[in-house]
>>> print(open('coords36.txt').read())   # compact mmCIF, C-alpha atoms
# COMPACT_ATOMS: atom_id res chain seq x y z
CA MET A 831 23.65 -8.43 1.84
CA GLN A 832 23.01 -10.54 4.89
CA THR A 833 19.74 -12.36 5.38
CA ASN A 834 18.22 -14.67 7.94
CA PRO A 835 17.55 -18.16 6.67
CA MET A 836 14.18 -19.72 7.09
CA THR A 837 14.11 -22.43 9.70
CA GLN A 838 13.73 -26.00 8.43
CA THR A 839 14.40 -25.26 4.77
CA SER A 840 17.46 -25.90 2.62
CA ARG A 841 17.16 -22.63 0.70
CA THR A 842 17.92 -19.15 1.86
CA ALA A 843 16.23 -16.13 0.34
CA GLY A 844 18.35 -13.09 -0.45
CA THR A 845 18.37 -9.85 -2.36
CA LEU A 846 17.17 -11.39 -5.63
CA GLN A 847 14.04 -12.89 -4.08
CA ALA A 848 13.29 -9.70 -2.15
CA MET A 849 13.61 -7.52 -5.26
CA LEU A 850 11.38 -9.84 -7.29
CA LEU A 851 8.68 -9.63 -4.63
CA ILE A 852 9.05 -5.86 -4.43
CA VAL A 853 8.65 -5.49 -8.20
CA ALA A 854 5.68 -7.87 -8.27
CA ASN A 855 4.06 -5.88 -5.49
CA VAL A 856 4.06 -2.79 -7.73
CA LEU A 857 1.61 -4.43 -10.15
CA PRO A 858 -1.52 -3.74 -8.02
CA THR A 859 -0.38 -0.11 -7.72
CA MET A 860 0.04 0.08 -11.48
CA GLY A 861 -3.60 -0.93 -11.80
CA ILE A 862 -4.52 2.49 -10.42
CA VAL A 863 -1.80 5.02 -11.13
CA SER A 864 -1.10 4.11 -14.76
CA LEU A 865 -4.59 5.25 -15.80
CA ILE A 866 -4.72 8.51 -13.87
CA PRO A 867 -3.23 10.56 -16.77
CA VAL A 868 -5.84 9.26 -19.26
CA LEU A 869 -8.92 9.69 -17.07
CA PRO A 870 -10.04 12.80 -19.05
CA GLN A 871 -9.61 10.83 -22.31
CA LEU A 872 -11.68 7.98 -20.91
CA PHE A 873 -14.46 10.44 -20.07
CA GLY A 874 -14.21 11.90 -23.56
CA HIS A 875 -14.30 8.53 -25.31
CA PHE A 876 -17.19 7.06 -23.29
CA HIS A 877 -19.17 10.26 -22.67
CA ALA A 878 -22.18 8.93 -24.61
CA ALA A 879 -22.37 5.66 -22.65
CA PRO A 880 -25.22 5.42 -20.11
CA HIS A 881 -24.15 6.53 -16.62
CA ALA A 882 -20.65 7.31 -17.89
CA GLN A 883 -20.04 9.81 -15.08
CA PHE A 884 -20.24 6.93 -12.58
CA LEU A 885 -18.90 4.04 -14.65
CA VAL A 886 -15.73 5.66 -16.07
CA PRO A 887 -14.17 6.28 -12.63
CA ALA A 888 -14.93 2.63 -11.82
CA ILE A 889 -12.30 1.66 -14.40
CA ILE A 890 -9.75 2.98 -11.90
CA THR A 891 -11.46 2.23 -8.59
CA ALA A 892 -12.84 -1.29 -9.24
CA PRO A 893 -9.49 -3.08 -8.64
CA SER A 894 -9.01 -1.31 -5.29
CA ILE A 895 -12.48 -2.35 -4.16
CA CYS A 896 -11.66 -5.96 -5.06
CA ILE A 897 -8.44 -5.80 -3.05
CA ALA A 898 -10.32 -4.47 -0.02
CA LEU A 899 -13.03 -7.14 -0.24
CA LEU A 900 -11.17 -10.23 -1.42
CA SER A 901 -7.72 -10.17 0.18
CA PRO A 902 -8.85 -12.20 3.24
CA VAL A 903 -10.30 -14.85 0.91
CA ALA A 904 -7.07 -14.93 -1.11
CA GLY A 905 -5.06 -15.33 2.08
CA THR A 906 -7.20 -18.15 3.43
CA ILE A 907 -6.88 -20.10 0.16
CA ALA A 908 -3.13 -19.43 -0.03
CA ASP A 909 -2.60 -20.95 3.43
CA ARG A 910 -4.14 -24.15 2.08
CA ILE A 911 -2.76 -24.52 -1.45
CA GLY A 912 0.49 -22.53 -1.34
CA ARG A 913 1.53 -18.90 -1.71
CA ARG A 914 3.89 -19.18 -4.70
CA ARG A 915 1.52 -21.35 -6.73
CA MET A 916 -1.28 -18.82 -6.28
CA LEU A 917 1.00 -15.89 -7.04
CA LEU A 918 2.21 -17.41 -10.32
CA ALA A 919 -1.33 -18.09 -11.52
CA ALA A 920 -2.41 -14.56 -10.58
CA LEU A 921 0.49 -12.97 -12.48
CA LEU A 922 -0.51 -14.67 -15.73
CA VAL A 923 -4.20 -13.88 -15.36
CA TYR A 924 -3.27 -10.30 -14.41
CA ALA A 925 -1.53 -9.88 -17.77
CA VAL A 926 -4.55 -11.21 -19.67
CA PHE A 927 -7.19 -9.04 -18.00
CA GLY A 928 -4.90 -6.06 -17.64
CA CYS A 929 -4.28 -5.93 -21.40
CA ALA A 930 -7.88 -6.84 -22.32
CA PRO A 931 -9.03 -3.19 -22.81
CA LEU A 932 -6.56 -2.98 -25.70
CA LEU A 933 -9.14 -5.04 -27.62
CA LEU A 934 -12.41 -4.14 -25.89
CA ASN A 935 -14.72 -1.31 -26.91
CA ASP A 936 -17.72 -1.76 -24.61
CA LEU A 937 -17.53 0.14 -21.31
CA GLY A 938 -19.29 -2.62 -19.41
CA GLN A 939 -16.87 -5.24 -20.70
CA ILE A 940 -13.91 -3.06 -19.77
CA ILE A 941 -15.21 -2.65 -16.22
CA ALA A 942 -15.79 -6.42 -16.01
CA SER A 943 -12.17 -6.98 -17.05
CA ARG A 944 -11.08 -4.51 -14.37
CA VAL A 945 -13.02 -6.44 -11.73
CA CYS A 946 -11.25 -9.63 -12.81
CA LEU A 947 -7.97 -7.71 -12.68
CA GLY A 948 -8.81 -6.63 -9.13
CA ILE A 949 -9.25 -10.26 -8.09
CA THR A 950 -5.75 -11.05 -9.33
CA GLU A 951 -4.41 -7.94 -7.57
CA ALA A 952 -5.87 -9.12 -4.26
CA ILE A 953 -4.03 -12.41 -4.75
CA ILE A 954 -0.76 -10.74 -5.78
CA TYR A 955 -0.80 -8.21 -2.95
CA THR A 956 -1.59 -10.80 -0.28
CA ASN A 957 0.82 -13.49 -1.45
CA VAL A 958 3.75 -11.15 -2.13
CA ASN A 959 3.56 -9.80 1.40
CA THR A 960 3.08 -13.29 2.82
CA LEU A 961 6.13 -14.60 0.97
CA MET A 962 8.12 -11.65 2.28
CA GLY A 963 7.21 -12.87 5.76
CA ASP A 964 7.96 -16.50 4.86
CA TYR A 965 11.36 -15.83 3.32
CA PHE A 966 12.66 -13.37 5.92
CA GLN A 967 12.42 -12.84 9.65
CA GLY A 968 13.21 -10.18 12.22
CA ALA A 969 15.20 -7.12 11.24
CA VAL A 970 15.82 -8.46 7.73
CA ARG A 971 12.08 -8.75 7.10
CA ARG A 972 11.55 -5.23 8.40
CA LYS A 973 14.32 -3.90 6.16
CA TRP A 974 12.82 -5.40 3.02
CA LEU A 975 9.31 -4.26 3.88
CA ALA A 976 10.69 -0.74 4.28
CA TRP A 977 12.46 -1.00 0.92
CA GLN A 978 9.25 -2.34 -0.60
CA ASN A 979 7.47 0.84 0.47
CA ALA A 980 10.28 3.11 -0.73
CA ILE A 981 10.90 1.47 -4.10
CA GLY A 982 7.19 1.04 -4.70
CA SER A 983 6.66 4.77 -4.25
CA LEU A 984 9.41 5.63 -6.73
CA LEU A 985 8.16 3.11 -9.27
CA ALA A 986 4.60 4.41 -8.90
CA THR A 987 5.81 7.90 -9.81
CA GLY A 988 7.55 6.45 -12.87
CA LEU A 989 4.40 4.54 -13.84
CA ILE A 990 2.37 7.75 -13.82
CA ILE A 991 4.89 9.32 -16.19
CA VAL A 992 4.92 6.29 -18.49
CA GLY A 993 1.12 6.14 -18.42
CA GLY A 994 1.01 9.78 -19.48
CA VAL A 995 3.42 9.17 -22.36
CA LEU A 996 1.45 6.16 -23.60
CA GLY A 997 -1.74 8.14 -23.17
CA THR A 998 -0.55 10.63 -25.79
CA ILE A 999 -0.81 7.77 -28.31
CA SER A 1000 -4.28 6.63 -27.28
CA TRP A 1001 -6.47 6.15 -24.23
CA ARG A 1002 -5.68 2.46 -24.68
CA GLY A 1003 -1.92 3.04 -24.45
CA PRO A 1004 -1.46 2.60 -20.67
CA PHE A 1005 -3.20 -0.79 -20.76
CA ALA A 1006 -0.17 -2.17 -22.62
CA MET A 1007 1.85 -1.74 -19.43
CA TYR A 1008 0.08 -4.69 -17.85
CA ALA A 1009 2.09 -7.02 -20.07
CA LEU A 1010 4.98 -6.39 -17.64
CA ALA A 1011 3.42 -9.14 -15.53
CA VAL A 1012 4.70 -11.74 -18.03
CA PRO A 1013 8.46 -11.20 -17.49
CA ILE A 1014 7.78 -10.86 -13.76
CA PHE A 1015 6.00 -14.22 -13.88
CA LEU A 1016 8.99 -15.83 -15.59
CA ALA A 1017 11.41 -14.39 -13.05
CA VAL A 1018 9.29 -15.50 -10.08
CA LEU A 1019 8.97 -18.96 -11.66
CA ALA A 1020 12.73 -19.25 -12.08
CA PHE A 1021 14.04 -17.75 -8.84
CA THR A 1022 11.51 -18.39 -6.08
CA TRP A 1023 10.19 -21.50 -4.37
CA GLU A 1024 7.26 -22.58 -2.24
CA PRO A 1025 8.27 -21.96 1.38
CA GLU A 1026 8.28 -24.90 3.76
CA PRO A 1027 6.45 -24.89 7.10
CA HIS A 1028 8.62 -23.45 9.84
CA THR A 1029 8.28 -22.00 13.29
CA ASP A 1030 8.41 -18.24 13.58
CA GLU A 1031 10.05 -15.83 15.98
CA GLN A 1032 7.75 -13.46 17.77
CA GLU A 1033 8.85 -10.06 19.01
CA THR A 1034 9.61 -11.36 22.49
CA GLY A 1035 12.28 -13.61 21.02
CA GLY A 1036 10.39 -16.87 21.59
CA GLU A 1037 9.06 -19.15 18.88
CA ILE A 1038 5.47 -19.40 17.68
CA PRO A 1039 4.65 -23.11 17.26
CA LEU A 1040 3.15 -24.35 14.01
CA ASP A 1041 -0.01 -25.60 15.71
CA ALA A 1042 -0.70 -22.31 17.47
CA PRO A 1043 -4.21 -20.95 16.82
CA PHE A 1044 -4.86 -17.73 14.97
CA PRO A 1045 -3.92 -14.94 17.42
CA VAL A 1046 -7.33 -13.25 17.47
CA ALA A 1047 -6.72 -10.85 20.37
CA ALA A 1048 -3.32 -9.68 19.15
CA MET A 1049 -4.48 -9.26 15.56
CA THR A 1050 -7.60 -7.35 16.59
CA LEU A 1051 -5.34 -4.70 18.06
CA VAL A 1052 -3.11 -4.74 14.96
CA TYR A 1053 -6.09 -4.34 12.63
CA ALA A 1054 -7.63 -1.54 14.70
CA VAL A 1055 -4.40 0.45 14.72
CA THR A 1056 -3.88 -0.30 11.02
CA LEU A 1057 -7.32 1.08 10.15
CA PHE A 1058 -6.57 4.30 11.99
CA GLY A 1059 -3.09 4.49 10.48
CA ALA A 1060 -4.43 3.92 6.95
CA ILE A 1061 -6.99 6.70 7.34
CA ILE A 1062 -4.22 9.10 8.33
CA PHE A 1063 -1.84 7.68 5.69
CA PHE A 1064 -4.14 8.53 2.79
CA ILE A 1065 -5.17 12.05 3.81
CA GLU A 1066 -2.29 13.96 2.23
CA VAL A 1067 -1.94 11.43 -0.59
CA LEU A 1068 -5.54 11.84 -1.74
CA GLN A 1069 -6.27 15.46 -0.72
CA LEU A 1070 -3.14 17.27 -1.93
CA GLY A 1071 -4.93 18.43 -5.08
CA LEU A 1072 -7.74 20.01 -3.06
CA VAL A 1073 -5.25 21.77 -0.81
CA MET A 1074 -3.43 23.24 -3.80
CA ASN A 1075 -6.66 24.21 -5.47
CA SER A 1076 -7.67 26.09 -2.32
CA ILE A 1077 -4.64 28.38 -2.69
CA GLY A 1078 -5.16 28.91 -6.41
CA ALA A 1079 -2.53 26.43 -7.60
CA GLY A 1080 -4.83 23.71 -8.85
CA ARG A 1081 -3.42 23.18 -12.33
CA PRO A 1082 -2.98 19.43 -12.96
CA ASP A 1083 0.65 19.82 -14.05
CA THR A 1084 1.47 21.83 -10.91
CA ILE A 1085 -0.20 19.27 -8.66
CA GLY A 1086 1.67 16.48 -10.45
CA LEU A 1087 5.02 18.19 -10.03
CA VAL A 1088 4.45 18.89 -6.33
CA SER A 1089 3.23 15.33 -5.72
CA ALA A 1090 6.22 13.81 -7.51
CA GLY A 1091 8.69 16.26 -5.96
CA THR A 1092 7.59 15.67 -2.38
CA GLY A 1093 7.54 11.91 -2.88
CA PHE A 1094 11.30 11.83 -2.22
CA ALA A 1095 10.55 12.03 1.50
CA LEU A 1096 8.71 8.69 1.58
CA PRO A 1097 11.81 6.58 0.81
CA LEU A 1098 13.65 8.65 3.42
CA GLY A 1099 11.09 7.71 6.06
CA ALA A 1100 11.28 4.06 4.99
CA TYR A 1101 15.08 4.24 5.23
CA VAL A 1102 14.88 5.62 8.77
CA LEU A 1103 12.57 2.77 9.77
CA GLY A 1104 14.84 0.22 8.11
CA ARG A 1105 17.84 1.51 10.07
CA ALA A 1106 16.10 1.55 13.44
CA LYS A 1107 17.08 -1.47 15.53
CA GLN A 1108 15.49 -1.26 18.97
CA LEU A 1109 12.50 1.06 18.68
CA ARG A 1110 9.06 -0.20 19.66
CA VAL A 1111 5.86 -0.07 17.58
CA GLY A 1112 4.10 2.48 19.77
CA TYR A 1113 7.12 4.78 19.93
CA LEU A 1114 7.74 4.69 16.20
CA PHE A 1115 4.05 5.10 15.38
CA ALA A 1116 3.97 8.08 17.74
CA LEU A 1117 6.88 9.57 15.81
CA ALA A 1118 4.99 9.15 12.52
CA LEU A 1119 1.84 10.66 14.05
CA ALA A 1120 3.84 13.67 15.24
CA PHE A 1121 5.11 14.26 11.70
CA PHE A 1122 1.56 13.87 10.36
CA ALA A 1123 0.28 16.39 12.91
CA VAL A 1124 2.86 19.01 11.93
CA SER A 1125 2.29 18.29 8.24
CA PHE A 1126 -1.49 18.68 8.42
CA TRP A 1127 -1.16 21.84 10.50
CA ILE A 1128 1.12 23.36 7.85
CA LEU A 1129 -1.19 22.27 5.02
CA GLY A 1130 -4.18 23.68 6.88
CA HIS A 1131 -2.53 27.11 7.04
CA ALA A 1132 -0.82 26.96 3.63
CA ALA A 1133 -0.87 30.18 1.62
CA ASN A 1134 1.55 29.34 -1.19
CA VAL A 1135 3.07 26.39 -3.03
CA LEU A 1136 6.30 26.40 -0.99
CA THR A 1137 4.31 25.94 2.21
CA VAL A 1138 2.37 23.06 0.63
CA ILE A 1139 5.64 21.43 -0.43
CA ALA A 1140 6.94 21.63 3.14
CA GLY A 1141 3.79 20.13 4.62
CA ALA A 1142 3.46 17.41 1.97
CA SER A 1143 7.11 16.39 2.40
CA LEU A 1144 6.60 15.86 6.14
CA ALA A 1145 3.50 13.77 5.44
CA GLN A 1146 5.37 11.64 2.91
CA PHE A 1147 8.16 11.07 5.43
CA ALA A 1148 5.57 9.87 7.94
CA CYS A 1149 3.99 7.63 5.28
CA GLY A 1150 7.39 6.06 4.72
CA ILE A 1151 7.44 5.02 8.36
CA THR A 1152 3.79 4.06 8.77
CA TYR A 1153 3.15 1.44 6.09
CA PRO A 1154 6.18 -0.83 6.66
CA LEU A 1155 5.88 -0.41 10.43
CA LEU A 1156 2.28 -1.64 10.51
CA SER A 1157 3.03 -4.37 7.97
CA THR A 1158 6.01 -5.60 10.00
CA TRP A 1159 3.94 -5.58 13.18
CA CYS A 1160 1.29 -7.69 11.46
CA GLN A 1161 3.86 -10.19 10.16
CA SER A 1162 5.49 -10.57 13.58
CA LYS A 1163 2.26 -11.79 15.16
CA LEU A 1164 1.52 -14.53 12.62
CA HIS A 1165 2.95 -18.03 12.34
CA PHE A 1166 3.46 -19.82 9.04
CA ARG A 1167 0.19 -21.71 8.74
CA VAL A 1168 -2.03 -18.64 9.21
CA ARG A 1169 0.23 -15.92 7.81
CA ALA A 1170 -1.51 -15.53 4.45
CA ARG A 1171 -4.93 -15.28 6.08
CA GLY A 1172 -3.68 -12.71 8.58
CA VAL A 1173 -1.89 -10.68 5.92
CA GLY A 1174 -4.96 -10.85 3.68
CA ILE A 1175 -7.16 -9.40 6.41
CA TRP A 1176 -4.52 -6.73 7.10
CA THR A 1177 -4.44 -5.80 3.41
CA SER A 1178 -8.22 -5.53 3.37
CA VAL A 1179 -8.21 -3.32 6.46
CA PHE A 1180 -5.56 -1.04 4.97
CA PHE A 1181 -7.52 -0.55 1.75
CA ILE A 1182 -10.75 -0.03 3.66
CA GLY A 1183 -8.84 2.75 5.41
CA GLN A 1184 -8.35 4.39 2.00
CA PHE A 1185 -12.10 4.58 1.41
CA ALA A 1186 -12.77 5.60 5.01
CA SER A 1187 -10.22 8.40 4.68
CA THR A 1188 -11.94 10.00 1.68
CA THR A 1189 -15.36 9.55 3.31
CA LEU A 1190 -14.31 11.22 6.56
CA VAL A 1191 -12.70 14.12 4.70
CA SER A 1192 -15.88 14.61 2.67
CA LEU A 1193 -18.05 14.57 5.80
CA ALA A 1194 -15.75 16.99 7.64
CA THR A 1195 -15.24 19.49 4.83
CA GLY A 1196 -18.50 21.38 5.40
CA PRO A 1197 -18.38 21.64 9.20
CA ALA A 1198 -14.64 22.44 9.12
CA GLY A 1199 -15.08 25.25 6.59
CA GLY A 1200 -13.11 23.71 3.73
CA ILE A 1201 -10.12 21.48 3.16
CA GLY A 1202 -7.87 23.75 5.23
CA GLY A 1203 -10.09 23.27 8.24
CA VAL A 1204 -10.15 19.52 7.66
CA MET A 1205 -6.36 19.44 7.73
CA ILE A 1206 -6.30 21.30 11.04
CA VAL A 1207 -8.84 18.89 12.52
CA PHE A 1208 -6.75 15.87 11.55
CA ALA A 1209 -3.62 17.61 12.84
CA LEU A 1210 -5.29 17.81 16.24
CA VAL A 1211 -6.41 14.17 15.99
CA CYS A 1212 -2.87 13.03 15.26
CA ALA A 1213 -1.45 15.19 18.04
CA ALA A 1214 -3.93 13.67 20.49
CA ALA A 1215 -3.03 10.15 19.31
CA VAL A 1216 0.70 10.62 20.03
CA PRO A 1217 0.49 10.26 23.84
CA ILE A 1218 -2.02 7.41 23.43
CA SER A 1219 0.47 5.53 21.25
CA LEU A 1220 3.30 6.21 23.70
CA PHE A 1221 1.19 5.11 26.67
CA GLY A 1222 0.04 1.98 24.85
CA GLU A 1223 3.61 0.97 24.09
CA ALA A 1224 4.74 1.62 27.65
CA LEU A 1225 1.79 -0.39 28.96
CA LEU A 1226 2.29 -3.37 26.68
CA GLY A 1227 6.08 -3.19 26.81
CA ARG A 1228 6.61 -5.05 23.52
CA LYS A 1229 9.28 -4.42 20.95
CA ALA A 1230 8.28 -3.20 17.55
CA VAL A 1231 10.09 -5.83 15.54
CA PRO A 1232 11.07 -9.47 15.98
CA THR A 1233 14.48 -10.00 17.51
>>> encode(input="coords36.txt", output="structure tokens")
Amino acid sequence: MQTNPMTQTSRTAGTLQAMLLIVANVLPTMGIVSLIPVLPQLFGHFHAAPHAQFLVPAIITAPSICIALLSPVAGTIADRIGRRRMLLAALLVYAVFGCAPLLLNDLGQIIASRVCLGITEAIIYTNVNTLMGDYFQGAVRRKWLAWQNAIGSLLATGLIIVGGVLGTISWRGPFAMYALAVPIFLAVLAFTWEPEPHTDEQETGGEIPLDAPFPVAAMTLVYAVTLFGAIIFFIEVLQLGLVMNSIGAGRPDTIGLVSAGTGFALPLGAYVLGRAKQLRVGYLFALALAFFAVSFWILGHAANVLTVIAGASLAQFACGITYPLLSTWCQSKLHFRVRARGVGIWTSVFFIGQFASTTLVSLATGPAGGIGGVMIVFALVCAAAVPISLFGEALLGRKAVPT
């Protein structure tokens, strides 16, 4: 598989390095999805603890909050001390705090361990994506970011299944999965290296010099679009259960099957993005928004499970385009010395979009008359954003990916 070498370095990254980064990037996702099947058991075990109704969900949500808040800090430090060095340390600490609930009994201590885990996840997420930008450029970088999204989605589905199986043994069972960070650490130690400073290609084909300042204006636009894209990205992902419940199909096993079954469309969207050579950011984002609009419209009028499957599949296809597209756009604007900081801020913005998405849906549910009405509202929002995205791309006239 052909790759672009990094300028001014004697080593060339290839498939092995890309796959290691992709697998490592699944660890922050595992921090959330592996525990979803045992959430009822956690409530049952800690029901007598003070404020359990608020603290038990924090076992799952605390790491995500840490990622949203601390990724910019992790990126700023990584630009100074090195991406690989920070990643290796985080992988080891991740294993320690991830497995800690196997031995802990106090709810407060478990939540504290999850906060520490979230700190390591912010470091892992930021540095994996930064290294992907350091090791690869142009179309090769875009291809691997698309594969990262696709493979990550498939692995997340598998992690939910494994978490459910381990949960049949004990509520502690899924916490054993965090030990996977140890072999990943060993592989990253053996087969990756600290990237050397190098100039970067921007999407116009010219080089970004090493002493260039942080591109504040360009990144402000990237972050604004990313926040909007993340809000849209998480709507179907987080609200599918409510949609199915509204049509009388709210059994957990049914929701799980539909969620897993429609997830096949996300890798397909990522594949389409990875194959595209000359499309621009605005045009491709407009395409994703159009799919989101149709998806939400279908979900808003869904009357049976088959209709939900159709709408959810379209949304997953659009998700497969959206995440790697926005990530690639971010990477293409950043030169080596500020890449980790820029990626860290982007990661924070994307995760803030997750919380903003659920908040907006909650606020809109009453006025819209239920989750179906909310879906129709967001369908109209996405439809209205399509010509704006097209006009913005035509006005700026910039290619979506580095050449």
>>> residues_around(input="coords36.txt", residues="A:Ser1076", least_positions_apart="2", cutoff="12 Å", atoms="only C-alpha atoms", output="VMD selection string")
chain A and resid 1069 to 1074 1078 to 1081 1085 1129 to 1135 1138 1199 to 1203
>>> atom_distance(input="coords36.txt", atom1="atom CA of A:Gly1091", atom2="atom CA of A:Val856")
19.7 Å
>>> closest_residue(input="coords36.txt", among="A:Ser1000, A:Thr1152, A:Ser1162, A:Gln967", to="A:Thr842", atoms="all atoms listed in the file")
A:Gln967
>>> closest_residue(input="coords36.txt", among="A:Thr960, A:Gln1161, A:Arg944, A:Ala898", to="A:Ala1186", atoms="only C-alpha atoms")
A:Ala898
>>> residues_around(input="coords36.txt", residues="A:Val1046", least_positions_apart="5", cutoff="12 Å", atoms="all atoms listed in the file", output="PDB file with C-alpha atoms, in the frame of the given file")
ATOM      1  CA  LEU A1051      -5.340  -4.700  18.060  1.00  0.00           C
ATOM      2  CA  VAL A1052      -3.110  -4.740  14.960  1.00  0.00           C
ATOM      3  CA  TYR A1053      -6.090  -4.340  12.630  1.00  0.00           C
ATOM      4  CA  CYS A1160       1.290  -7.690  11.460  1.00  0.00           C
ATOM      5  CA  LYS A1163       2.260 -11.790  15.160  1.00  0.00           C
ATOM      6  CA  LEU A1164       1.520 -14.530  12.620  1.00  0.00           C
ATOM      7  CA  VAL A1168      -2.030 -18.640   9.210  1.00  0.00           C
ATOM      8  CA  ARG A1171      -4.930 -15.280   6.080  1.00  0.00           C
ATOM      9  CA  GLY A1172      -3.680 -12.710   8.580  1.00  0.00           C
ATOM     10  CA  ILE A1175      -7.160  -9.400   6.410  1.00  0.00           C
TER      11      ILE A1175
END
>>> closest_residue(input="coords36.txt", among="A:Ile1061, A:Arg1169, A:Arg1002, A:Val1067", to="A:Phe1044", atoms="only C-alpha atoms")
A:Arg1169
>>> axis_aligned_box(input="coords36.txt", around="stretch 1193-1198 of chain A", padding_each_side="6 Å", output="AutoDock Vina command-line options")
--center_x -16.6 --center_y 18.5 --center_z 7.0 --size_x 15.9 --size_y 19.9 --size_z 16.4
>>> closest_residue(input="coords36.txt", among="A:Ser901, A:Ser1143, A:Gln883, A:Gln978", to="A:Gly948", atoms="all atoms listed in the file")
A:Ser901
>>> closest_residue(input="coords36.txt", among="A:Ala969, A:Ala1116, A:Val863, A:Ala878", to="A:Gly982", atoms="all atoms listed in the file")
A:Val863
